[in-house]
Structures are given as structure tokens and as C-alpha cells.
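*Asks:* You'll find work28.txt just under this line, and it carries compact mmCIF, C-alpha atoms.
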```txt
# COMPACT_ATOMS: atom_id res chain seq x y z
CA MET W 1 -6.60 -57.39 -1.45
CA GLY W 2 -7.44 -54.89 -4.18
CA VAL W 3 -5.21 -54.01 -7.05
CA MET W 4 -2.87 -51.11 -6.36
CA PRO W 5 -4.82 -48.03 -7.44
CA THR W 6 -3.41 -46.17 -10.42
CA ALA W 7 -2.18 -42.61 -10.16
CA LEU W 8 -5.39 -41.39 -11.81
CA GLU W 9 -7.52 -43.29 -9.30
CA ARG W 10 -5.65 -41.57 -6.48
CA THR W 11 -6.30 -38.22 -8.13
CA LEU W 12 -9.11 -35.85 -7.24
CA ILE W 13 -10.25 -33.54 -10.01
CA VAL W 14 -11.36 -30.28 -8.40
CA MET W 15 -13.54 -27.84 -10.32
CA PRO W 16 -14.21 -24.47 -8.75
CA ALA W 17 -17.60 -23.30 -10.03
CA PHE W 18 -19.30 -19.96 -9.55
CA ASN W 19 -22.67 -19.67 -11.31
CA GLU W 20 -21.76 -22.19 -14.00
CA GLU W 21 -25.09 -24.03 -14.25
CA GLU W 22 -24.93 -24.00 -18.04
CA SER W 23 -21.57 -25.68 -18.47
CA VAL W 24 -20.70 -27.57 -15.29
CA ALA W 25 -22.70 -30.75 -15.97
CA ALA W 26 -21.23 -31.15 -19.45
CA VAL W 27 -17.69 -30.63 -18.16
CA VAL W 28 -18.18 -33.18 -15.35
CA ARG W 29 -19.55 -35.76 -17.80
CA GLU W 30 -16.67 -35.12 -20.17
CA VAL W 31 -14.15 -35.58 -17.34
CA PHE W 32 -15.73 -38.91 -16.36
CA ALA W 33 -15.76 -40.01 -20.00
CA THR W 34 -12.15 -38.98 -20.63
CA VAL W 35 -10.45 -40.01 -17.38
CA PRO W 36 -11.15 -43.59 -16.31
CA GLY W 37 -11.62 -44.05 -12.56
CA ALA W 38 -11.59 -40.34 -11.85
CA SER W 39 -13.07 -38.77 -8.74
CA CYS W 40 -14.57 -35.40 -9.36
CA LEU W 41 -15.26 -32.70 -6.78
CA VAL W 42 -17.12 -29.58 -7.83
CA VAL W 43 -16.62 -26.76 -5.35
CA ASP W 44 -19.72 -24.62 -5.62
CA ASP W 45 -18.30 -21.24 -4.70
CA GLY W 46 -21.43 -19.63 -3.28
CA SER W 47 -23.36 -19.79 -6.55
CA VAL W 48 -26.88 -18.39 -6.63
CA ASP W 49 -27.98 -20.52 -9.59
CA GLN W 50 -28.45 -24.28 -10.04
CA THR W 51 -24.72 -25.11 -10.28
CA TYR W 52 -25.07 -27.42 -7.31
CA ARG W 53 -27.91 -29.55 -8.76
CA GLU W 54 -26.37 -29.63 -12.22
CA ALA W 55 -23.02 -30.87 -10.91
CA GLU W 56 -24.67 -33.45 -8.67
CA SER W 57 -26.89 -34.75 -11.47
CA ALA W 58 -23.78 -35.29 -13.58
CA GLY W 59 -22.34 -37.49 -10.82
CA ALA W 60 -19.83 -35.19 -9.18
CA THR W 61 -19.39 -34.84 -5.44
CA VAL W 62 -20.31 -31.25 -4.60
CA LEU W 63 -18.76 -29.17 -1.85
CA ARG W 64 -20.97 -26.17 -1.25
CA LEU W 65 -19.32 -23.07 0.14
CA PRO W 66 -21.84 -20.87 1.95
CA ILE W 67 -20.17 -17.68 0.65
CA ASN W 68 -18.20 -16.77 -2.45
CA LEU W 69 -14.48 -17.11 -1.71
CA GLY W 70 -12.99 -16.83 -5.20
CA VAL W 71 -11.06 -19.46 -7.14
CA GLY W 72 -8.26 -19.64 -4.57
CA GLY W 73 -10.74 -20.03 -1.72
CA ALA W 74 -12.63 -22.76 -3.53
CA MET W 75 -9.39 -24.56 -4.37
CA ARG W 76 -8.08 -24.52 -0.79
CA ALA W 77 -11.36 -26.12 0.32
CA GLY W 78 -10.80 -28.72 -2.43
CA PHE W 79 -7.24 -29.39 -1.25
CA LYS W 80 -8.52 -29.85 2.30
CA TYR W 81 -11.15 -32.32 1.09
CA ALA W 82 -8.49 -34.24 -0.88
CA LEU W 83 -6.25 -34.41 2.18
CA GLU W 84 -9.14 -35.55 4.39
CA LYS W 85 -10.17 -38.28 1.95
CA GLY W 86 -6.62 -39.47 1.32
CA PHE W 87 -6.23 -38.49 -2.32
CA ALA W 88 -2.60 -38.24 -3.41
CA ASN W 89 -3.03 -35.73 -6.23
CA VAL W 90 -5.32 -32.86 -7.14
CA VAL W 91 -5.96 -31.59 -10.66
CA GLN W 92 -7.65 -28.22 -11.02
CA VAL W 93 -9.98 -27.91 -14.02
CA ASP W 94 -12.16 -24.94 -14.89
CA SER W 95 -15.88 -25.61 -14.87
CA ASP W 96 -16.53 -23.43 -17.93
CA GLY W 97 -15.13 -26.00 -20.34
CA GLN W 98 -12.00 -24.02 -21.15
CA HIS W 99 -9.70 -26.88 -20.22
CA ASP W 100 -9.67 -30.03 -22.30
CA PRO W 101 -9.89 -33.03 -19.90
CA ALA W 102 -7.73 -34.97 -22.37
CA GLY W 103 -4.75 -33.17 -20.82
CA ILE W 104 -5.42 -34.47 -17.28
CA ALA W 105 -3.71 -37.83 -17.78
CA GLU W 106 -0.55 -36.17 -19.06
CA LEU W 107 -0.43 -33.68 -16.19
CA VAL W 108 -0.78 -36.49 -13.65
CA GLU W 109 1.88 -38.55 -15.41
CA ARG W 110 4.41 -35.76 -14.89
CA LEU W 111 3.64 -35.76 -11.15
CA ASP W 112 5.89 -38.83 -10.95
CA ASP W 113 8.93 -36.58 -10.76
CA HIS W 114 7.47 -33.14 -10.01
CA ASP W 115 5.33 -31.67 -7.25
CA LEU W 116 3.41 -29.20 -9.39
CA VAL W 117 2.61 -29.46 -13.11
CA LEU W 118 1.13 -26.53 -15.03
CA GLY W 119 -0.89 -26.96 -18.19
CA ALA W 120 0.55 -24.25 -20.43
CA ARG W 121 -1.57 -22.68 -23.12
CA PHE W 122 1.08 -21.17 -25.37
CA ALA W 123 3.51 -24.02 -25.66
CA GLY W 124 2.63 -25.01 -29.20
CA VAL W 125 -0.54 -27.05 -28.79
CA GLY W 126 -3.96 -25.64 -29.59
CA GLN W 127 -4.95 -22.25 -30.93
CA TYR W 128 -5.16 -20.09 -27.82
CA THR W 129 -3.43 -16.77 -28.43
CA VAL W 130 -3.13 -13.50 -26.57
CA ARG W 131 -1.58 -10.42 -28.14
CA GLY W 132 -0.38 -6.96 -27.19
CA PRO W 133 0.20 -5.58 -23.68
CA ARG W 134 -1.57 -8.46 -21.99
CA ARG W 135 0.84 -10.85 -23.67
CA TRP W 136 3.83 -8.73 -22.60
CA ALA W 137 2.55 -8.81 -19.02
CA MET W 138 2.35 -12.57 -19.16
CA VAL W 139 5.86 -12.82 -20.65
CA VAL W 140 7.37 -10.63 -17.90
CA LEU W 141 5.53 -12.60 -15.25
CA SER W 142 6.65 -15.91 -16.74
CA SER W 143 10.31 -14.93 -16.93
CA ILE W 144 10.41 -13.86 -13.27
CA LEU W 145 8.57 -16.96 -12.10
CA SER W 146 10.71 -19.20 -14.31
CA ARG W 147 13.80 -17.94 -12.54
CA LEU W 148 12.18 -18.45 -9.15
CA THR W 149 11.06 -22.00 -9.87
CA ARG W 150 14.25 -22.83 -11.83
CA THR W 151 12.32 -24.20 -14.78
CA LYS W 152 11.02 -22.76 -18.02
CA LEU W 153 7.43 -21.62 -17.60
CA THR W 154 5.54 -19.86 -20.38
CA ASP W 155 2.05 -19.63 -18.92
CA THR W 156 2.03 -18.92 -15.21
CA THR W 157 -1.56 -17.76 -15.01
CA SER W 158 -2.95 -21.07 -16.21
CA GLY W 159 -5.63 -22.47 -13.95
CA PHE W 160 -5.14 -25.96 -15.38
CA ARG W 161 -2.64 -27.58 -13.02
CA ALA W 162 -1.87 -30.79 -11.17
CA SER W 163 -0.54 -30.97 -7.61
CA GLY W 164 1.28 -33.95 -6.14
CA PRO W 165 1.10 -35.07 -2.48
CA ARG W 166 3.59 -32.49 -1.24
CA ALA W 167 1.83 -29.66 -3.07
CA VAL W 168 -1.58 -30.84 -1.81
CA ALA W 169 -0.33 -30.76 1.79
CA LEU W 170 1.15 -27.29 1.27
CA PHE W 171 -1.83 -25.82 -0.59
CA ALA W 172 -4.38 -27.19 1.91
CA GLN W 173 -2.81 -24.70 4.33
CA HIS W 174 -1.62 -21.92 2.05
CA TYR W 175 -3.57 -21.07 -1.07
CA PRO W 176 -4.22 -17.38 -1.56
CA SER W 177 -7.71 -16.25 -2.46
CA GLU W 178 -6.81 -12.83 -3.87
CA TYR W 179 -7.00 -12.06 -7.58
CA LEU W 180 -4.02 -13.81 -9.26
CA GLY W 181 -3.05 -15.16 -5.85
CA ASP W 182 -4.25 -18.62 -6.79
CA THR W 183 -1.96 -18.67 -9.82
CA VAL W 184 0.98 -16.30 -9.35
CA GLU W 185 1.42 -16.25 -5.58
CA SER W 186 0.77 -19.97 -5.20
CA LEU W 187 3.71 -20.58 -7.58
CA VAL W 188 5.95 -18.40 -5.42
CA ILE W 189 4.77 -20.26 -2.31
CA ALA W 190 5.52 -23.59 -3.97
CA ALA W 191 8.97 -22.50 -5.16
CA ARG W 192 9.86 -21.10 -1.74
CA ALA W 193 8.78 -24.36 -0.07
CA LYS W 194 11.23 -26.13 -2.41
CA LEU W 195 8.61 -27.93 -4.47
CA THR W 196 9.58 -28.81 -8.03
CA VAL W 197 7.53 -27.27 -10.83
CA THR W 198 7.24 -28.08 -14.52
CA GLN W 199 4.86 -27.39 -17.36
CA VAL W 200 3.16 -29.44 -20.04
CA ALA W 201 1.74 -28.02 -23.27
CA VAL W 202 -2.02 -28.38 -23.38
CA ALA W 203 -4.65 -27.41 -25.89
CA MET W 204 -7.04 -24.77 -24.64
CA ARG W 205 -10.47 -24.10 -25.99
CA PRO W 206 -11.85 -20.63 -26.37
CA ARG W 207 -13.78 -19.63 -23.31
CA ALA W 208 -17.52 -20.12 -23.45
CA GLY W 209 -18.01 -16.59 -22.19
CA GLY W 210 -16.17 -14.60 -24.86
CA THR W 211 -12.54 -14.07 -25.82
CA PRO W 212 -9.77 -12.67 -23.60
CA SER W 213 -9.71 -8.90 -23.65
CA HIS W 214 -7.22 -6.99 -25.80
CA ASN W 215 -8.20 -3.61 -24.44
CA PRO W 216 -4.89 -1.81 -23.64
CA TYR W 217 -6.36 -0.13 -20.56
CA LYS W 218 -7.48 -3.46 -19.14
CA ALA W 219 -4.10 -4.93 -20.05
CA ALA W 220 -2.35 -2.20 -18.08
CA VAL W 221 -4.59 -2.84 -15.08
CA TYR W 222 -3.86 -6.54 -15.43
CA LEU W 223 -0.10 -5.87 -15.51
CA ALA W 224 -0.36 -3.66 -12.42
CA ARG W 225 -2.34 -6.25 -10.50
CA ALA W 226 -0.02 -9.04 -11.57
CA GLY W 227 2.99 -6.96 -10.51
CA MET W 228 1.30 -6.24 -7.19
CA ALA W 229 0.51 -9.93 -6.63
CA LEU W 230 4.10 -10.86 -7.42
CA PHE W 231 5.55 -8.11 -5.23
CA VAL W 232 3.40 -9.10 -2.25
CA ALA W 233 4.23 -12.77 -2.77
CA LEU W 234 7.96 -12.00 -2.80
CA ILE W 235 8.02 -9.84 0.34
CA ARG W 236 6.07 -12.36 2.41
CA PRO W 237 8.10 -14.76 4.52
CA PRO W 238 8.32 -18.18 2.92
CA VAL W 239 6.19 -20.95 4.39
CA ALA W 240 7.81 -24.31 4.96
CA LEU W 241 6.18 -27.54 3.94
CA ARG W 242 5.47 -29.61 6.99
CA GLU W 243 6.67 -33.00 5.76
CA PRO W 244 4.21 -35.75 6.58
CA VAL W 245 5.66 -38.50 8.76
CA VAL W 246 6.50 -41.35 6.43
CA SER W 247 6.15 -44.76 8.02
CA LEU W 248 8.38 -47.38 6.46
CA MET L 1 -8.62 32.56 24.54
CA ASN L 2 -11.84 33.47 26.33
CA THR L 3 -13.72 31.40 28.87
CA VAL L 4 -16.25 30.11 26.33
CA THR L 5 -13.67 28.46 24.10
CA TYR L 6 -11.86 27.14 27.16
CA VAL L 7 -15.03 25.46 28.47
CA PHE L 8 -15.99 24.32 24.97
CA GLY L 9 -12.65 22.51 24.60
CA ILE L 10 -13.08 20.73 27.92
CA ILE L 11 -16.66 19.70 27.16
CA ALA L 12 -15.69 18.35 23.74
CA ALA L 13 -12.91 16.25 25.27
CA LEU L 14 -15.23 15.00 28.01
CA ILE L 15 -17.92 14.00 25.51
CA ALA L 16 -15.36 12.08 23.44
CA LEU L 17 -14.11 10.27 26.55
CA ALA L 18 -17.65 9.57 27.74
CA VAL L 19 -18.62 8.02 24.41
CA VAL L 20 -15.56 5.73 24.45
CA ILE L 21 -16.04 4.69 28.09
CA GLU L 22 -19.78 4.10 27.65
CA SER L 23 -19.07 1.97 24.55
CA LEU L 24 -16.56 -0.05 26.55
CA ARG L 25 -19.07 -0.49 29.36
CA ARG L 26 -21.76 -1.76 27.01
CA HIS L 27 -19.37 -4.20 25.28
CA HIS L 28 -19.82 -2.12 22.15
CA LEU L 29 -16.05 -1.70 21.94
CA ARG L 30 -13.32 -4.11 22.92
CA GLU L 31 -10.32 -2.86 24.90
CA ARG L 32 -7.83 -3.32 22.10
CA HIS L 33 -9.93 -1.22 19.76
CA ALA L 34 -10.68 1.43 22.38
CA VAL L 35 -7.15 2.02 23.62
CA TRP L 36 -6.24 4.56 20.92
CA TRP L 37 -9.49 6.50 21.36
CA LEU L 38 -9.06 6.52 25.15
CA LEU L 39 -5.52 7.80 24.77
CA ALA L 40 -6.59 10.52 22.30
CA GLY L 41 -9.47 11.55 24.57
CA LEU L 42 -7.21 11.80 27.60
CA VAL L 43 -4.62 13.88 25.74
CA ALA L 44 -7.42 16.16 24.47
CA LEU L 45 -8.72 16.58 28.01
CA VAL L 46 -5.27 17.43 29.42
CA VAL L 47 -4.62 19.93 26.63
CA SER L 48 -8.03 21.58 27.02
CA VAL L 49 -7.67 21.91 30.79
CA PHE L 50 -4.03 23.06 30.64
CA PRO L 51 -3.61 24.82 27.28
CA ASP L 52 -0.03 25.74 28.19
CA THR L 53 1.01 22.06 27.87
CA LEU L 54 0.32 22.33 24.13
CA GLY L 55 2.62 25.33 23.71
CA TRP L 56 5.26 23.60 25.77
CA ALA L 57 5.04 20.35 23.74
CA ALA L 58 5.12 22.29 20.44
CA ALA L 59 8.23 24.20 21.51
CA LEU L 60 9.83 20.92 22.62
CA VAL L 61 9.55 19.34 19.16
CA GLY L 62 10.15 22.63 17.33
CA VAL L 63 6.67 23.21 15.90
CA THR L 64 6.12 26.96 15.53
CA VAL L 65 2.31 26.99 15.47
CA PRO L 66 1.01 24.78 18.34
CA THR L 67 -2.27 23.91 16.58
CA ASN L 68 -0.21 22.26 13.83
CA LEU L 69 1.01 19.78 16.43
CA VAL L 70 -2.63 19.00 17.25
CA PHE L 71 -3.39 18.40 13.56
CA PHE L 72 -0.30 16.28 13.12
CA LEU L 73 -1.04 14.08 16.13
CA SER L 74 -4.75 13.77 15.26
CA ILE L 75 -3.98 12.66 11.71
CA ALA L 76 -1.30 10.28 12.94
CA VAL L 77 -3.75 8.61 15.33
CA LEU L 78 -6.43 8.36 12.61
CA VAL L 79 -3.99 6.78 10.15
CA LEU L 80 -2.71 4.28 12.68
CA VAL L 81 -6.23 3.30 13.73
CA SER L 82 -7.24 2.86 10.07
CA ILE L 83 -4.29 0.56 9.47
CA GLN L 84 -5.18 -1.40 12.57
CA HIS L 85 -8.75 -1.77 11.31
CA SER L 86 -7.59 -2.92 7.87
CA GLY L 87 -5.46 -5.51 9.59
CA GLU L 88 -8.34 -6.71 11.72
CA LEU L 89 -10.54 -6.87 8.62
CA THR L 90 -7.98 -9.04 6.83
CA GLU L 91 -7.80 -11.32 9.84
CA LEU L 92 -11.58 -11.59 10.00
CA GLU L 93 -11.74 -12.43 6.30
CA ALA L 94 -9.18 -15.19 6.77
CA GLU L 95 -11.17 -16.56 9.69
CA THR L 96 -14.44 -16.36 7.74
CA ARG L 97 -12.78 -18.24 4.90
CA THR L 98 -11.64 -21.02 7.22
CA LEU L 99 -15.11 -21.23 8.78
CA ALA L 100 -16.77 -21.37 5.35
CA GLU L 101 -14.45 -24.24 4.35
CA THR L 102 -15.18 -26.11 7.56
CA VAL L 103 -18.94 -25.63 7.19
CA ALA L 104 -18.84 -26.88 3.59
CA LEU L 105 -16.72 -29.92 4.47
CA GLN L 106 -19.00 -30.80 7.40
CA ASP L 107 -22.14 -30.30 5.29
CA LEU L 108 -20.82 -32.80 2.78
CA ARG L 109 -19.88 -35.23 5.54
CA ILE L 110 -23.33 -34.99 7.14
CA LYS L 111 -24.98 -35.61 3.79
CA GLU L 112 -22.83 -38.68 3.18
CA LEU L 113 -23.53 -39.97 6.69
CA GLU L 114 -27.27 -39.45 6.24
CA LYS L 115 -27.14 -41.35 2.99
CA ALA L 116 -25.15 -44.18 4.59
CA VAL L 117 -27.62 -44.40 7.48
CA ALA L 118 -30.59 -44.38 5.10
CA ASP L 119 -28.99 -47.12 3.02
CA ALA L 120 -28.27 -49.21 6.11
CA LEU L 121 -31.88 -48.93 7.31
CA GLN L 122 -33.40 -49.60 3.90
CA PRO L 123 -33.34 -53.46 3.86
CA ARG L 124 -35.07 -53.69 7.25
CA ARG L 125 -37.95 -51.53 6.06
CA ASN L 126 -38.49 -53.48 2.86
CA PRO L 127 -37.58 -57.09 3.55
```
What is this file in C-alpha cells?

*Replies:*
Amino acid sequence: MGVMPTALERTLIVMPAFNEEESVAAVVREVFATVPGASCLVVDDGSVDQTYREAESAGATVLRLPINLGVGGAMRAGFKYALEKGFANVVQVDSDGQHDPAGIAELVERLDDHDLVLGARFAGVGQYTVRGPRRWAMVVLSSILSRLTRTKLTDTTSGFRASGPRAVALFAQHYPSEYLGDTVESLVIAARAKLTVTQVAVAMRPRAGGTPSHNPYKAAVYLARAGMALFVALIRPPVALREPVVSL
Amino acid sequence: MNTVTYVFGIIAALIALAVVIESLRRHHLRERHAVWWLLAGLVALVVSVFPDTLGWAAALVGVTVPTNLVFFLSIAVLVLVSIQHSGELTELEAETRTLAETVALQDLRIKELEKAVADALQPRRNP
């Protein structure tokens, strides 16, 4: 007899957290304060500190992985939890406070007509900038992935993203745990499974733990690893989305 | 080749085979991991007992120095086994990942169930 739940009430906010005891509680509280009716799952990715207690004290549900699986591993566990509990959408938010929860509502809104919505950091909002070789790497990556997903993407390595029901079902099975796999390869997987992708400009705060590196050597390594991730993603056979049986 | 090297070759091959077979017997090795080592041990035994087979095989594939064929085959087997092991490692990691997810999801479920049970019993204890 209840009122039809809103899209945000059917959304699970998943925060992968690895040794984030200093920031996770504040981020969880901010999410609850910013997004009315939100459900928040912190995936404690094998932390050795008090991340678990901090997140729980802030009111989040905490899924505790016994070993460290990386962001992709933590997210797949989150997608599985969402599927099990019947959530329609999943929004990934970093637990270090880098992502502004104010953007969540807008990401979820765009899920009405897209399966996957990326929160892009360079699309005009906020002051997040990256220069030099690292920026070129991101531009190359974005142009290739834009072509693949048939939409203009400017920030493909953003970890701030919303997944609709089809993406949740796909990612609960296939979400790579390798470095850049959770961002770059997951986009390729989504595009190959014929999911629709779009991006929304979001403001990004500077990371709590320092600024992104502008060291050219590190940028070159980053470019190589991104190229590797993309290459591997492209030579793998596409996975099909097993459409859930829709009862009318 | 004198008798000492001849016997030495045979003993080396026998020791290699014995180690593999003993490992299999003690469940220290599974068949699919042992098959390459068994094969290599058998070939080594045949070649050490009948050294002429090596010369014959080398001539057959056009290798001038027969020992080069031994090196080539040995390296080939080592590379293939390494690739197989990397593959198995990847598979194990994927399985570990799935198990870790399942454990975490069940842990959470147990905790929620325990809480629900405790809540249900609460009123009876404190009427």
C-alpha cells in the first residue's frame, strides 16, 4: 500500500573503502544528508584499520571482504548485494570524499534513458585539472571509448558513476578487478553488451591524499597501463547481458 | 660417450621420473599438472638409454647439433608449463574473489539475521 518508491530510494550508493577510517564516516554522513532516502553500502575492501566501525557508526551497511580485492572487486560485491536486495540502481562514490554527493541525484536522473551514467570531472564544472602527458593519455582513452560507446565521453577513468538495472545485472557478473579494469574495461564490457552510456559534468574536490601526479615517468606508465587495459578489453570476447525475465 | 656419462644420464632421468611419480602417489601433484613432467621424464629416459634416438630425431628436423634439440625442447616445455601455471593462477584468483564475495555477503546476512532474532526475542525477556 506504500507510495511508489522514488528512483533515489531504489538506488544503492556503494562506496569501496580500503583503509579510509579518517574519511569514510564523514562521507557517509554527507551522503545521507544530501540524498534523501538513500541506502548506503560501504564495501570494506580488506582494510586493516577501523574503516568498518567508522562506516557502521555513521549508519552505513557494511560489507566486509575478508581479503583486499581492489576497487573492481569491491564494486562487484556491491553489485551482487544490490541485485540480491532488489535495488534497481547503483551509484559508485569514493570513500575519500573526492566525489561531491550533490551530483548523485543528477546521475540517477539520467538513468531514466541510459544504462550507465559517468560523472565527468573535466566537463566544465569544478576546478579539477590534469595537465601534461597524463592528460593526453586520458584524451586518447576518451576518444577511443567515445567511439566505442557512441557518445561523447571526456573522463572515462572517473570512479563516480551510476548504473541502471541492466548495468547492475551485467556488472554483478562481469566487473574486472585489475588496475583500470573497473573503469576502462567495464566501459568496453558495457558498450559490447549494448548498454547505453552518457556522461554528466560533476564538480570534483581535490583528493584528501594529495594532488594527482604530474610526473612524466608516472604519466608514461599510466598511459602504458591504460593502453594495456584497453587492448585486453578489446580482444576479449564480448559478454552478453542476460535479460531478466520481465513479467507483465 | 663413456659408460659413466651414459649411466649418469639414465640415473638423472630415473630420479626425475621417480620424483614426479612419488609426488603423484602422495597427492602432492594432480594429474593435469604432472602430465608434462611425466612426458619430459619419459623422453629423457628414452634418450639416455638409446642416445642414437636423439641423433635420429635431430637429423629428422634438420638440427645440426643434437644437444640443441634437447635445449629447444626443454625450454619449450618449461615455457608451456609456465603459461599453464599462470593460467591456473588466474583461475584461482577468480575463484578466490568469488569466494570472498560470497563470504562477505553471507557474513552480512548472518549479522542481520542475528539482529532480527535478538529483536524478536527482546520483548519476551523484558515484558

*Asks:* Quick one, how far is CA of Phe71 in chain L from CA of Val19 in chain L?

*Replies:*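 Computing the Euclidean distance for CA of Phe71 in chain L and CA of Val19 in chain L yields 21.4 Å.
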
*Asks:* Rounded to one decimal in Å, what is the spacing between CA of Ala17 in chain W and CA of Val62 in chain W?

*Replies:*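 Pair CA of Ala17 in chain W / CA of Val62 in chain W returns 10.0 Å.
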
*Asks:* With all atoms listed in the file considered, list every residue of chain L at most 12 Å from chain W, as a PyMOL selection string.

*Replies:* chain L and resi 90+93-112

*Asks:* Fewer than 2 positions away in the same chain doesn't count, so skip those; otherwise give me all residues within 12 Å of Phe231 in chain W, counting only C-alpha atoms, as a list in words.

*Replies:* Leu141, Ile144, Leu145, Leu180, Gly181, Val184, Glu185, Val188, Leu223, Ala224, Arg225, Ala226, Gly227, Met228, Ala229, Ala233, Leu234, Ile235 and Arg236 of chain W

*Asks:* So that I can see what lies close to Leu116 in chain W, please list as a list in words the residues with an atom at most 10 Å from it, counting only C-alpha atoms and leaving out residues fewer than 4 positions away in the same chain.

*Replies:* Asn89, Val90, Val91, Leu107, Val108, Arg110, Leu111, Arg161, Ala162, Ser163, Gly164, Pro165, Arg166, Ala167, Val168, Leu187, Ala190, Ala191, Leu195, Thr196, Val197, Thr198 and Gln199 of chain W

*Asks:* Would you mind listing what lies within 9 Å of Leu14 in chain L as a PyMOL selection string, with all atoms listed in the file counted and same-chain residues fewer than 6 positions away left out?

*Replies:* chain L and resi 41-42+44-45

*Asks:* Go through L:Leu24, L:Thr67, L:Glu91, L:Leu121 one by one, measure the shortest atom-to-atom distance of each to Asp52 in chain L using all atoms listed in the file, and give the residue with the smallest value.

*Replies:* L:Thr67
